file input.tsv (TSV, C-alpha atoms and all ligand atoms)
chain	number	residue	atom	x	y	z
A	11	MET	CA	-17.19	3.68	-2.04
A	12	LEU	CA	-15.20	5.55	0.56
A	13	ASN	CA	-14.24	8.93	-0.84
A	14	THR	CA	-11.66	10.98	1.05
A	15	ARG	CA	-9.19	13.74	0.26
A	16	PHE	CA	-6.60	11.00	-0.24
A	17	THR	CA	-8.61	9.17	-2.91
A	18	ALA	CA	-9.54	12.45	-4.62
A	19	GLU	CA	-6.05	13.98	-4.65
A	20	PHE	CA	-4.20	10.76	-5.55
A	21	GLY	CA	-6.71	9.55	-8.16
A	22	ILE	CA	-7.49	6.20	-6.51
A	23	LYS	CA	-10.71	4.43	-5.51
A	24	ALA	CA	-10.03	3.00	-2.05
A	25	PRO	CA	-8.21	4.94	0.72
A	26	ILE	CA	-5.70	2.14	1.20
A	27	MET	CA	-1.98	2.34	0.43
A	28	GLN	CA	0.46	-0.57	0.50
A	29	GLY	CA	3.60	0.71	2.22
A	30	GLY	CA	7.14	0.03	1.01
A	31	MET	CA	8.47	-3.44	1.82
A	32	GLN	CA	12.11	-4.33	1.31
A	33	TRP	CA	12.52	-7.58	-0.71
A	34	ILE	CA	8.73	-7.79	-1.22
A	35	GLY	CA	7.45	-4.62	-2.89
A	36	ASN	CA	7.84	-5.56	-6.56
A	37	ALA	CA	5.95	-4.55	-9.71
A	38	GLU	CA	3.45	-7.44	-9.51
A	39	LEU	CA	2.40	-6.65	-5.93
A	40	ALA	CA	2.21	-2.90	-6.53
A	41	ALA	CA	0.12	-3.39	-9.68
A	42	ALA	CA	-2.21	-5.84	-7.92
A	43	VAL	CA	-2.89	-3.28	-5.18
A	44	SER	CA	-3.36	-0.43	-7.65
A	45	ASN	CA	-5.60	-2.50	-9.93
A	46	ALA	CA	-7.72	-3.26	-6.86
A	47	GLY	CA	-8.27	0.48	-6.36
A	48	GLY	CA	-5.61	1.10	-3.70
A	49	LEU	CA	-2.14	2.62	-4.07
A	50	GLY	CA	0.55	-0.04	-4.56
A	51	THR	CA	4.22	0.62	-3.91
A	52	ILE	CA	7.43	-0.70	-5.48
A	53	THR	CA	10.33	-0.62	-3.01
A	54	ALA	CA	13.31	0.89	-4.82
A	55	LEU	CA	16.18	-0.52	-2.78
A	56	THR	CA	14.93	-4.09	-3.22
A	57	PHE	CA	16.50	-3.83	-6.66
A	58	PRO	CA	20.29	-3.87	-6.79
A	59	THR	CA	20.74	-1.09	-9.37
A	60	PRO	CA	18.78	1.92	-10.66
A	61	ASP	CA	18.47	0.03	-13.98
A	62	ALA	CA	16.83	-2.91	-12.26
A	63	LEU	CA	14.38	-0.49	-10.62
A	64	ALA	CA	13.66	0.99	-14.05
A	65	GLY	CA	12.73	-2.52	-15.26
A	66	GLN	CA	10.29	-2.92	-12.35
A	67	ILE	CA	8.66	0.46	-12.97
A	68	ALA	CA	8.22	-0.34	-16.67
A	69	ARG	CA	6.73	-3.74	-15.74
A	70	CYS	CA	4.29	-2.08	-13.31
A	71	GLN	CA	3.27	0.36	-16.04
A	72	GLU	CA	2.51	-2.64	-18.28
A	73	LEU	CA	0.42	-4.29	-15.56
A	74	THR	CA	-1.64	-1.28	-14.52
A	75	ASP	CA	-2.80	2.05	-15.86
A	76	LYS	CA	-3.64	3.18	-12.30
A	77	PRO	CA	-1.45	5.37	-10.08
A	78	PHE	CA	1.27	3.57	-8.08
A	79	ALA	CA	4.14	4.65	-5.85
A	80	VAL	CA	7.84	3.95	-5.45
A	81	ASN	CA	9.33	3.92	-1.94
A	82	LEU	CA	12.80	5.38	-1.60
A	83	THR	CA	14.00	4.90	1.97
A	84	THR	CA	16.93	7.07	3.07
A	85	LEU	CA	18.15	5.53	6.31
A	86	PRO	CA	21.63	5.27	7.80
A	87	SER	CA	23.10	2.35	5.87
A	88	ILE	CA	26.22	0.19	6.00
A	89	SER	CA	26.98	1.11	2.39
A	90	PRO	CA	24.66	3.91	1.18
A	91	PRO	CA	23.06	3.24	-2.22
A	92	PRO	CA	23.26	5.84	-5.03
A	93	TYR	CA	20.05	7.62	-3.98
A	94	GLU	CA	20.28	10.28	-6.68
A	95	GLU	CA	20.46	7.68	-9.44
A	96	TYR	CA	17.38	5.88	-8.08
A	97	GLN	CA	15.63	9.23	-7.86
A	98	ALA	CA	16.51	10.03	-11.48
A	99	VAL	CA	14.93	6.75	-12.64
A	100	ILE	CA	11.73	7.51	-10.70
A	101	ILE	CA	11.53	10.93	-12.35
A	102	ASP	CA	12.49	9.82	-15.86
A	103	LEU	CA	9.90	7.06	-15.94
A	104	GLY	CA	7.05	9.30	-14.79
A	105	VAL	CA	6.16	7.51	-11.55
A	106	PRO	CA	3.09	9.32	-10.15
A	107	VAL	CA	3.80	9.01	-6.39
A	108	VAL	CA	6.89	8.63	-4.20
A	109	GLU	CA	6.84	7.32	-0.65
A	110	THR	CA	9.70	8.83	1.36
A	111	SER	CA	10.85	7.61	4.76
A	112	GLY	CA	13.84	7.51	7.03
A	113	SER	CA	14.90	11.16	6.99
A	114	ASN	CA	13.56	14.67	6.37
A	115	PRO	CA	12.29	14.78	2.76
A	116	ASP	CA	12.90	18.54	2.32
A	117	ARG	CA	15.85	18.10	-0.05
A	118	PHE	CA	13.75	16.01	-2.44
A	119	VAL	CA	10.47	17.96	-2.52
A	120	ASP	CA	11.20	20.53	-5.24
A	121	THR	CA	12.75	17.96	-7.57
A	122	TYR	CA	9.79	15.60	-7.32
A	123	HIS	CA	7.22	18.39	-7.61
A	124	ALA	CA	8.95	19.84	-10.67
A	125	ALA	CA	8.39	16.43	-12.28
A	126	GLY	CA	4.71	16.36	-11.22
A	127	ILE	CA	5.30	13.61	-8.64
A	128	LYS	CA	3.29	13.57	-5.41
A	129	ILE	CA	5.05	12.72	-2.15
A	130	VAL	CA	3.69	10.64	0.73
A	131	HIS	CA	6.08	11.01	3.65
A	132	LYS	CA	6.10	8.52	6.52
A	133	ALA	CA	6.74	10.05	9.94
A	134	THR	CA	6.93	8.45	13.38
A	135	SER	CA	6.56	11.66	15.42
A	136	ILE	CA	4.33	14.73	15.26
A	137	ARG	CA	7.44	16.91	15.13
A	138	HIS	CA	8.73	15.17	12.01
A	139	ALA	CA	5.27	15.18	10.41
A	140	VAL	CA	4.95	18.93	10.92
A	141	LYS	CA	8.43	19.46	9.42
A	142	ALA	CA	7.58	17.38	6.36
A	143	GLN	CA	4.29	19.23	5.91
A	144	ALA	CA	6.19	22.53	6.07
A	145	ALA	CA	8.64	21.19	3.48
A	146	GLY	CA	5.69	20.78	1.09
A	147	VAL	CA	4.96	17.04	0.89
A	148	ASP	CA	1.49	16.08	-0.36
A	149	ALA	CA	0.45	13.61	2.33
A	150	ILE	CA	1.72	12.34	5.68
A	151	ALA	CA	1.53	8.74	6.82
A	152	MET	CA	1.71	8.66	10.62
A	153	ILE	CA	3.49	5.51	11.75
A	154	GLY	CA	2.37	4.18	15.14
A	155	PHE	CA	4.47	2.09	17.52
A	156	GLU	CA	2.59	-1.02	16.37
A	157	ALA	CA	4.17	-0.86	12.91
A	158	ALA	CA	6.62	-3.23	11.29
A	159	GLY	CA	9.86	-1.66	10.14
A	160	HIS	CA	11.04	1.48	11.89
A	161	PRO	CA	8.46	2.76	14.39
A	162	GLY	CA	10.87	5.39	15.79
A	163	GLU	CA	12.12	5.84	19.34
A	164	LEU	CA	9.13	7.49	21.03
A	165	ASP	CA	6.83	4.48	21.41
A	166	VAL	CA	3.53	6.33	20.91
A	167	PRO	CA	0.77	3.97	19.74
A	168	LEU	CA	-1.35	4.92	16.74
A	169	PHE	CA	-4.56	5.69	18.65
A	170	VAL	CA	-3.02	8.75	20.28
A	171	LEU	CA	-0.47	9.60	17.59
A	172	LEU	CA	-3.08	9.80	14.84
A	173	ALA	CA	-5.58	11.85	16.84
A	174	ALA	CA	-2.79	14.25	17.82
A	175	ALA	CA	-1.53	14.48	14.23
A	176	ALA	CA	-5.05	15.26	12.98
A	177	ARG	CA	-4.95	18.47	15.04
A	178	THR	CA	-1.91	19.87	13.22
A	179	ILE	CA	-1.68	18.15	9.85
A	180	THR	CA	-3.81	19.89	7.25
A	181	ILE	CA	-2.75	17.87	4.18
A	182	PRO	CA	-4.14	14.33	3.58
A	183	LEU	CA	-3.23	12.12	6.53
A	184	LEU	CA	-2.77	8.35	6.46
A	185	ALA	CA	-2.75	6.05	9.48
A	186	ALA	CA	-0.18	3.26	9.64
A	187	GLY	CA	0.86	0.60	12.09
A	188	GLY	CA	-1.32	-2.23	13.32
A	189	ILE	CA	-4.10	-1.89	10.78
A	190	GLY	CA	-5.27	-5.19	9.32
A	191	ASN	CA	-8.98	-4.99	8.57
A	192	GLY	CA	-11.96	-2.78	7.83
A	193	ALA	CA	-12.46	-1.95	11.50
A	194	GLY	CA	-8.97	-0.44	11.54
A	195	LEU	CA	-9.82	1.57	8.45
A	196	ALA	CA	-13.08	2.87	9.98
A	197	ALA	CA	-11.30	3.69	13.25
A	198	ALA	CA	-8.55	5.56	11.39
A	199	LEU	CA	-11.12	7.64	9.53
A	200	ALA	CA	-12.89	8.37	12.83
A	201	LEU	CA	-9.63	9.57	14.38
A	202	GLY	CA	-9.06	12.03	11.57
A	203	ALA	CA	-7.22	10.10	8.87
A	204	ASP	CA	-8.00	10.30	5.14
A	205	GLY	CA	-6.81	6.75	4.57
A	206	VAL	CA	-4.59	3.95	5.81
A	207	LEU	CA	-1.19	2.54	4.91
A	208	LEU	CA	-0.59	-1.16	5.53
A	209	ALA	CA	2.36	-3.43	4.97
A	210	THR	CA	2.27	-6.55	7.18
A	211	ARG	CA	-1.28	-7.36	6.02
A	212	PHE	CA	-0.19	-7.24	2.38
A	213	MET	CA	2.54	-9.84	3.04
A	214	ALA	CA	-0.22	-12.43	3.46
A	215	THR	CA	-1.81	-11.95	0.05
A	216	ALA	CA	-1.77	-14.21	-2.98
A	217	GLU	CA	0.35	-11.74	-4.96
A	218	ALA	CA	3.05	-11.07	-2.32
A	219	PRO	CA	6.25	-12.57	-3.76
A	220	ILE	CA	7.23	-14.53	-0.65
A	221	HIS	CA	7.21	-18.21	0.31
A	222	GLN	CA	3.85	-19.69	1.26
A	223	ARG	CA	5.27	-20.79	4.64
A	224	VAL	CA	5.90	-17.14	5.61
A	225	LYS	CA	2.32	-16.24	4.70
A	226	GLU	CA	0.99	-19.18	6.74
A	227	GLU	CA	3.18	-18.16	9.67
A	228	LEU	CA	1.62	-14.68	9.59
A	229	VAL	CA	-1.84	-16.29	9.76
A	230	ALA	CA	-0.70	-18.33	12.78
A	231	ARG	CA	1.06	-15.58	14.73
A	232	ASP	CA	-0.39	-13.17	17.26
A	233	GLU	CA	0.35	-9.71	18.61
A	234	LEU	CA	2.96	-11.02	21.07
A	235	GLN	CA	5.27	-12.49	18.46
A	236	THR	CA	7.21	-9.51	17.22
A	237	GLN	CA	10.40	-8.10	18.70
A	238	LEU	CA	12.07	-4.70	18.81
A	239	ILE	CA	15.73	-4.82	17.78
A	240	PHE	CA	18.36	-2.03	17.56
A	241	ARG	CA	16.86	-0.14	20.52
A	242	GLN	CA	20.35	0.45	21.94
A	243	LEU	CA	21.46	1.88	18.58
A	244	ARG	CA	18.47	4.29	18.51
A	245	ASN	CA	17.43	2.79	15.20
A	246	THR	CA	14.57	0.64	16.50
A	247	ALA	CA	13.08	-1.92	14.14
A	248	ARG	CA	10.05	-4.12	14.75
A	249	VAL	CA	10.63	-7.57	13.32
A	250	SER	CA	9.12	-11.02	13.55
A	251	ALA	CA	10.38	-12.69	16.75
A	252	ASN	CA	12.66	-15.65	16.05
A	253	SER	CA	15.97	-17.11	17.24
A	254	VAL	CA	17.92	-14.53	15.24
A	255	SER	CA	16.07	-11.51	16.67
A	256	GLU	CA	16.53	-13.01	20.19
A	257	GLU	CA	20.26	-13.31	19.59
A	258	VAL	CA	20.53	-9.74	18.28
A	259	VAL	CA	18.71	-8.37	21.33
A	260	ALA	CA	20.87	-10.46	23.68
A	261	ILE	CA	24.13	-9.26	22.10
A	262	LEU	CA	23.15	-5.58	22.04
A	263	SER	CA	21.69	-5.73	25.58
A	264	ALA	CA	25.01	-7.12	26.81
A	265	GLY	CA	26.83	-4.06	25.43
A	266	GLY	CA	27.53	-5.32	21.93
A	267	GLU	CA	27.85	-2.95	18.99
A	268	PHE	CA	26.47	-3.02	15.47
A	269	GLY	CA	29.55	-4.82	14.21
A	270	ASP	CA	28.75	-7.70	16.57
A	271	VAL	CA	25.36	-8.29	14.96
A	272	ARG	CA	26.12	-7.21	11.39
A	273	GLU	CA	26.17	-10.74	10.03
A	274	LEU	CA	23.00	-11.76	11.88
A	275	VAL	CA	20.99	-8.84	10.48
A	276	ALA	CA	22.38	-8.96	6.94
A	277	GLY	CA	19.68	-8.16	4.38
A	278	ARG	CA	20.59	-11.20	2.30
A	279	ARG	CA	19.64	-13.47	5.23
A	280	GLY	CA	16.25	-11.79	5.57
A	281	ARG	CA	15.72	-12.22	1.87
A	282	THR	CA	16.42	-15.93	2.28
A	283	VAL	CA	13.50	-16.19	4.74
A	284	TYR	CA	11.09	-14.77	2.16
A	285	GLU	CA	12.52	-16.87	-0.69
A	286	THR	CA	12.85	-20.25	1.02
A	287	GLY	CA	10.34	-20.08	3.87
A	288	ASP	CA	13.10	-20.91	6.40
A	289	LEU	CA	11.74	-18.73	9.23
A	290	GLU	CA	14.99	-18.86	11.23
A	291	ALA	CA	17.36	-17.95	8.38
A	292	GLY	CA	17.53	-14.27	9.32
A	293	ILE	CA	15.64	-11.18	10.39
A	294	TRP	CA	12.25	-10.73	8.73
A	295	TRP	CA	9.84	-7.92	9.36
A	296	ALA	CA	6.28	-7.98	10.64
A	297	GLY	CA	4.13	-5.78	12.84
A	298	LEU	CA	1.49	-6.31	15.51
A	299	SER	CA	-1.24	-6.42	12.86
A	300	GLN	CA	-0.19	-10.01	12.13
A	301	THR	CA	-2.63	-11.01	14.87
A	302	LEU	CA	-5.49	-9.79	12.64
A	303	ILE	CA	-4.48	-11.96	9.68
A	304	ASP	CA	-6.68	-15.04	9.24
A	305	ASP	CA	-6.32	-15.84	5.56
A	306	ILE	CA	-4.34	-15.25	2.36
A	307	PRO	CA	-6.67	-13.41	-0.02
A	308	THR	CA	-5.85	-11.67	-3.28
A	309	CYS	CA	-5.14	-7.94	-2.97
A	310	SER	CA	-8.42	-7.30	-4.71
A	311	GLU	CA	-10.37	-9.44	-2.20
A	312	LEU	CA	-8.57	-7.81	0.72
A	313	ILE	CA	-9.20	-4.24	-0.38
A	314	ALA	CA	-12.85	-4.86	-1.30
A	315	ARG	CA	-13.43	-6.60	2.03
A	316	MET	CA	-11.78	-3.83	4.05
A	317	VAL	CA	-13.85	-1.16	2.33
A	318	ASP	CA	-17.08	-3.18	2.78
A	319	GLU	CA	-16.34	-3.79	6.46
A	320	ALA	CA	-15.53	-0.13	7.07
A	321	GLU	CA	-18.68	1.02	5.26
A	322	ASP	CA	-20.78	-1.45	7.22
A	323	ILE	CA	-19.33	-0.26	10.53
A	324	ILE	CA	-19.94	3.37	9.63
A	325	THR	CA	-23.39	3.06	8.09
A	326	THR	CA	-24.90	0.28	10.19
A	327	LYS	CA	-23.12	-0.46	13.44
A	328	LEU	CA	-22.20	3.08	14.44
A	329	LEU	CA	-25.46	4.64	13.25
A	330	ALA	CA	-27.45	2.02	15.16
A	331	SER	CA	-25.67	3.01	18.35
A	332	ILE	CA	-27.09	6.51	18.20
A	333	ALA	CA	-30.25	6.60	20.32
A	401	LIG	C1	8.40	-6.80	5.29
A	401	LIG	C2	8.41	-5.33	5.49
A	401	LIG	C3	9.41	-4.56	4.91
A	401	LIG	C4	9.41	-3.16	5.05
A	401	LIG	N1	10.36	-2.43	4.41
A	401	LIG	C5	10.29	-1.07	4.44
A	401	LIG	C6	11.18	-0.28	3.66
A	401	LIG	O1	12.04	-0.79	2.95
A	401	LIG	N2	11.05	1.07	3.73
A	401	LIG	C7	10.09	1.67	4.50
A	401	LIG	O2	9.99	2.89	4.51
A	401	LIG	N3	9.23	0.94	5.24
A	401	LIG	C8	9.31	-0.40	5.22
A	401	LIG	N4	8.40	-1.14	5.94
A	401	LIG	C9	7.39	-0.44	6.77
A	401	LIG	C10	6.04	-0.31	6.06
A	401	LIG	O3	6.15	0.40	4.84
A	401	LIG	C11	4.99	0.38	6.93
A	401	LIG	O4	5.41	1.68	7.30
A	401	LIG	C12	4.63	-0.39	8.19
A	401	LIG	O5	4.91	-1.74	8.06
A	401	LIG	C13	3.16	-0.20	8.52
A	401	LIG	O6	2.78	-0.99	9.60
A	401	LIG	P1	2.03	-2.41	9.44
A	401	LIG	O7	3.05	-3.37	8.98
A	401	LIG	O8	1.53	-2.67	10.83
A	401	LIG	O9	0.92	-2.24	8.46
A	401	LIG	C14	8.40	-2.53	5.84
A	401	LIG	C15	7.40	-3.33	6.43
A	401	LIG	C16	7.39	-4.70	6.26
A	401	LIG	C17	6.30	-5.52	6.89

call {"tool": "encode", "arguments": {"input": "input.tsv", "output": "structure tokens"}}
result
Amino acid sequence: MLNTRFTAEFGIKAPIMQGGMQWIGNAELAAAVSNAGGLGTITALTFPTPDALAGQIARCQELTDKPFAVNLTTLPSISPPPYEEYQAVIIDLGVPVVETSGSNPDRFVDTYHAAGIKIVHKATSIRHAVKAQAAGVDAIAMIGFEAAGHPGELDVPLFVLLAAAARTITIPLLAAGGIGNGAGLAAALALGADGVLLATRFMATAEAPIHQRVKEELVARDELQTQLIFRQLRNTARVSANSVSEEVVAILSAGGEFGDVRELVAGRRGRTVYETGDLEAGIWWAGLSQTLIDDIPTCSELIARMVDEAEDIITTKLLASIA
């Protein structure tokens, strides 16, 4: 058992959170992670309407009596979703934890807290983490440059970012980006974290609702096979490298604008990759931690193994190195 402030304050057994994943974070995956002792997350905007999200939350509540989270990402969007309606569903259905990302969470904090909901905010810079802490969130997940999704524009890898964050963040701190095994968990704890947040690693689990070919591709890939897109737009995203990501980078590097790549990056095309296993159908997201993925376990096997590995490193390997 690894007990930290994160496990104690969030009522979970293992200090491992599954981060939000567009098109992937559904009720079944979130419940599998939570039933395994971690903190699973449903990704709100995967579902086309607030009602559809409500159905997922109710399903998750049927599948687990453990705490779980809902991610509500508020990023610049081609056609912004009705955030307030999604938020109302999260509150009405008594979701215990919300994962916020994409912009300063200050305008949401009081509303969630009034409903007894804890907030984990994902930040890519120390400055944003400090702001979110001041706004009153309950935990910070520090997102290193290695991460899938939006690692920010500052390119600071997790080893330094986390250690620096640990000096100023006094609320529970999670490490994210590039973590794929128990060694990453032990290292994160050593650097000052109270837990870890993973996403890419959870894509290659039995319960992840994506095509088997995508999972097998994650097992095969290494740390060199991701690509940063949207750098020129200052909205950097780390995705799995493929012909579509190459084309997007080429167009934007040659002076193209968002409109020139809109069709290539359309969410529906990315969704097709996960549904059909056609790896070149669109943009799909993965981080550097894919290089650490060697198998496709259940969430329960993965979490138990990570905790065992971390405990073994701490209690045996590290202790043995002390003369
Ligand atoms: C397939 C996929 C989809 C993601 N979608 C979202 C999202 O919708 N909102 C969000 O805040 N983060 C999203 N992320 C980022 C993760 O929640 C997490 O911050 C990041 O992936 C952690 O790094 P790791 O993948 O190296 O573990 C996504 C990540 C992946 C792999």

call {"tool": "closest_residue", "arguments": {"input": "input.tsv", "among": "A:Gly126, A:Gly48, A:Gly192, A:Gly187", "to": "ligand LIG 401 (chain A)", "atoms": "all atoms listed in the file"}}
result
A:Gly187

call {"tool": "closest_residue", "arguments": {"input": "input.tsv", "among": "A:Ala203, A:Val170, A:Leu328, A:Ile306", "to": "A:Thr14", "atoms": "all atoms listed in the file"}}
result
A:Ala203

call {"tool": "residues_around", "arguments": {"input": "input.tsv", "residues": "A:Ser263", "least_positions_apart": "3", "cutoff": "10 Å", "atoms": "only C-alpha atoms", "output": "PDB file with C-alpha atoms, in the frame of the given file"}}
result
ATOM      1  CA  ILE A 239      15.730  -4.820  17.780  1.00  0.00           C
ATOM      2  CA  PHE A 240      18.360  -2.030  17.560  1.00  0.00           C
ATOM      3  CA  ARG A 241      16.860  -0.140  20.520  1.00  0.00           C
ATOM      4  CA  GLN A 242      20.350   0.450  21.940  1.00  0.00           C
ATOM      5  CA  GLU A 257      20.260 -13.310  19.590  1.00  0.00           C
ATOM      6  CA  VAL A 258      20.530  -9.740  18.280  1.00  0.00           C
ATOM      7  CA  VAL A 259      18.710  -8.370  21.330  1.00  0.00           C
ATOM      8  CA  ALA A 260      20.870 -10.460  23.680  1.00  0.00           C
ATOM      9  CA  GLY A 266      27.530  -5.320  21.930  1.00  0.00           C
ATOM     10  CA  GLU A 267      27.850  -2.950  18.990  1.00  0.00           C
TER      11      GLU A 267
END

call {"tool": "residues_around", "arguments": {"input": "input.tsv", "residues": "A:Leu298", "least_positions_apart": "6", "cutoff": "9 Å", "atoms": "only C-alpha atoms", "output": "ChimeraX atom specification"}}
result
/A:156-158,187-189,210,232-236,248

call {"tool": "atom_distance", "arguments": {"input": "input.tsv", "atom1": "atom CA of A:Gly29", "atom2": "atom CA of A:Leu262"}}
result
28.5 Å

call {"tool": "axis_aligned_box", "arguments": {"input": "input.tsv", "around": "ligand LIG 401 (chain A)", "padding_each_side": "4 Å", "output": "lines of an AutoDock Vina configuration file"}}
result
center_x = 6.5
center_y = -2.0
center_z = 6.9
size_x = 19.1
size_y = 17.7
size_z = 15.9

call {"tool": "residues_near_ligand", "arguments": {"input": "input.tsv", "ligand": "ligand LIG 401 (chain A)", "cutoff": "9 Å", "atoms": "all atoms listed in the file", "output": "ChimeraX atom specification"}}
result
/A:28-35,51,53-56,81-85,109-112,132-133,151-161,185-190,206-213,248-249,284,294-300

call {"tool": "write_last_selection", "arguments": {"input": "input.tsv", "atoms": "C-alpha atoms", "output": "mmCIF file, keeping the file's coordinate frame"}}
result
data_model
loop_
_atom_site.group_PDB
_atom_site.id
_atom_site.type_symbol
_atom_site.label_atom_id
_atom_site.label_comp_id
_atom_site.auth_asym_id
_atom_site.auth_seq_id
_atom_site.Cartn_x
_atom_site.Cartn_y
_atom_site.Cartn_z
ATOM 1 C CA GLN A 28 0.460 -0.570 0.500
ATOM 2 C CA GLY A 29 3.600 0.710 2.220
ATOM 3 C CA GLY A 30 7.140 0.030 1.010
ATOM 4 C CA MET A 31 8.470 -3.440 1.820
ATOM 5 C CA GLN A 32 12.110 -4.330 1.310
ATOM 6 C CA TRP A 33 12.520 -7.580 -0.710
ATOM 7 C CA ILE A 34 8.730 -7.790 -1.220
ATOM 8 C CA GLY A 35 7.450 -4.620 -2.890
ATOM 9 C CA THR A 51 4.220 0.620 -3.910
ATOM 10 C CA THR A 53 10.330 -0.620 -3.010
ATOM 11 C CA ALA A 54 13.310 0.890 -4.820
ATOM 12 C CA LEU A 55 16.180 -0.520 -2.780
ATOM 13 C CA THR A 56 14.930 -4.090 -3.220
ATOM 14 C CA ASN A 81 9.330 3.920 -1.940
ATOM 15 C CA LEU A 82 12.800 5.380 -1.600
ATOM 16 C CA THR A 83 14.000 4.900 1.970
ATOM 17 C CA THR A 84 16.930 7.070 3.070
ATOM 18 C CA LEU A 85 18.150 5.530 6.310
ATOM 19 C CA GLU A 109 6.840 7.320 -0.650
ATOM 20 C CA THR A 110 9.700 8.830 1.360
ATOM 21 C CA SER A 111 10.850 7.610 4.760
ATOM 22 C CA GLY A 112 13.840 7.510 7.030
ATOM 23 C CA LYS A 132 6.100 8.520 6.520
ATOM 24 C CA ALA A 133 6.740 10.050 9.940
ATOM 25 C CA ALA A 151 1.530 8.740 6.820
ATOM 26 C CA MET A 152 1.710 8.660 10.620
ATOM 27 C CA ILE A 153 3.490 5.510 11.750
ATOM 28 C CA GLY A 154 2.370 4.180 15.140
ATOM 29 C CA PHE A 155 4.470 2.090 17.520
ATOM 30 C CA GLU A 156 2.590 -1.020 16.370
ATOM 31 C CA ALA A 157 4.170 -0.860 12.910
ATOM 32 C CA ALA A 158 6.620 -3.230 11.290
ATOM 33 C CA GLY A 159 9.860 -1.660 10.140
ATOM 34 C CA HIS A 160 11.040 1.480 11.890
ATOM 35 C CA PRO A 161 8.460 2.760 14.390
ATOM 36 C CA ALA A 185 -2.750 6.050 9.480
ATOM 37 C CA ALA A 186 -0.180 3.260 9.640
ATOM 38 C CA GLY A 187 0.860 0.600 12.090
ATOM 39 C CA GLY A 188 -1.320 -2.230 13.320
ATOM 40 C CA ILE A 189 -4.100 -1.890 10.780
ATOM 41 C CA GLY A 190 -5.270 -5.190 9.320
ATOM 42 C CA VAL A 206 -4.590 3.950 5.810
ATOM 43 C CA LEU A 207 -1.190 2.540 4.910
ATOM 44 C CA LEU A 208 -0.590 -1.160 5.530
ATOM 45 C CA ALA A 209 2.360 -3.430 4.970
ATOM 46 C CA THR A 210 2.270 -6.550 7.180
ATOM 47 C CA ARG A 211 -1.280 -7.360 6.020
ATOM 48 C CA PHE A 212 -0.190 -7.240 2.380
ATOM 49 C CA MET A 213 2.540 -9.840 3.040
ATOM 50 C CA ARG A 248 10.050 -4.120 14.750
ATOM 51 C CA VAL A 249 10.630 -7.570 13.320
ATOM 52 C CA TYR A 284 11.090 -14.770 2.160
ATOM 53 C CA TRP A 294 12.250 -10.730 8.730
ATOM 54 C CA TRP A 295 9.840 -7.920 9.360
ATOM 55 C CA ALA A 296 6.280 -7.980 10.640
ATOM 56 C CA GLY A 297 4.130 -5.780 12.840
ATOM 57 C CA LEU A 298 1.490 -6.310 15.510
ATOM 58 C CA SER A 299 -1.240 -6.420 12.860
ATOM 59 C CA GLN A 300 -0.190 -10.010 12.130
#

call {"tool": "atom_distance", "arguments": {"input": "input.tsv", "atom1": "atom CA of A:Val119", "atom2": "atom CA of A:Ile313"}}
result
29.7 Å

call {"tool": "atom_distance", "arguments": {"input": "input.tsv", "atom1": "atom CA of A:Thr246", "atom2": "atom CA of A:Glu273"}}
result
17.5 Å

call {"tool": "closest_residue", "arguments": {"input": "input.tsv", "among": "A:Val140, A:Gly146, A:Cys70, A:Arg231", "to": "A:Asp120", "atoms": "only C-alpha atoms"}}
result
A:Gly146

call {"tool": "build_atoms", "arguments": {"input": "input.tsv", "residues": "stretch 163-172 of chain A", "atoms": "N, CA and C atoms", "output": "short mmCIF file (atom, residue, chain, number, x, y, z; two decimals), in the frame of the given file"}}
result
data_model
loop_
_atom_site.label_atom_id
_atom_site.label_comp_id
_atom_site.auth_asym_id
_atom_site.auth_seq_id
_atom_site.Cartn_x
_atom_site.Cartn_y
_atom_site.Cartn_z
N GLU A 163 11.59 6.07 17.98
CA GLU A 163 12.12 5.84 19.34
C GLU A 163 11.16 6.33 20.42
N LEU A 164 9.98 6.82 20.05
CA LEU A 164 9.13 7.49 21.03
C LEU A 164 8.00 6.61 21.56
N ASP A 165 7.75 5.50 20.90
CA ASP A 165 6.83 4.48 21.41
C ASP A 165 5.39 4.97 21.62
N VAL A 166 4.92 5.87 20.77
CA VAL A 166 3.53 6.33 20.91
C VAL A 166 2.63 5.49 19.98
N PRO A 167 1.67 4.78 20.58
CA PRO A 167 0.77 3.97 19.74
C PRO A 167 -0.12 4.83 18.84
N LEU A 168 -0.64 4.19 17.80
CA LEU A 168 -1.35 4.92 16.74
C LEU A 168 -2.60 5.65 17.23
N PHE A 169 -3.30 5.09 18.21
CA PHE A 169 -4.56 5.69 18.65
C PHE A 169 -4.35 7.15 19.07
N VAL A 170 -3.30 7.39 19.81
CA VAL A 170 -3.02 8.75 20.28
C VAL A 170 -2.28 9.55 19.20
N LEU A 171 -1.31 8.89 18.57
CA LEU A 171 -0.47 9.60 17.59
C LEU A 171 -1.31 10.18 16.45
N LEU A 172 -2.26 9.38 15.97
CA LEU A 172 -3.08 9.80 14.84
C LEU A 172 -4.01 10.96 15.24
#
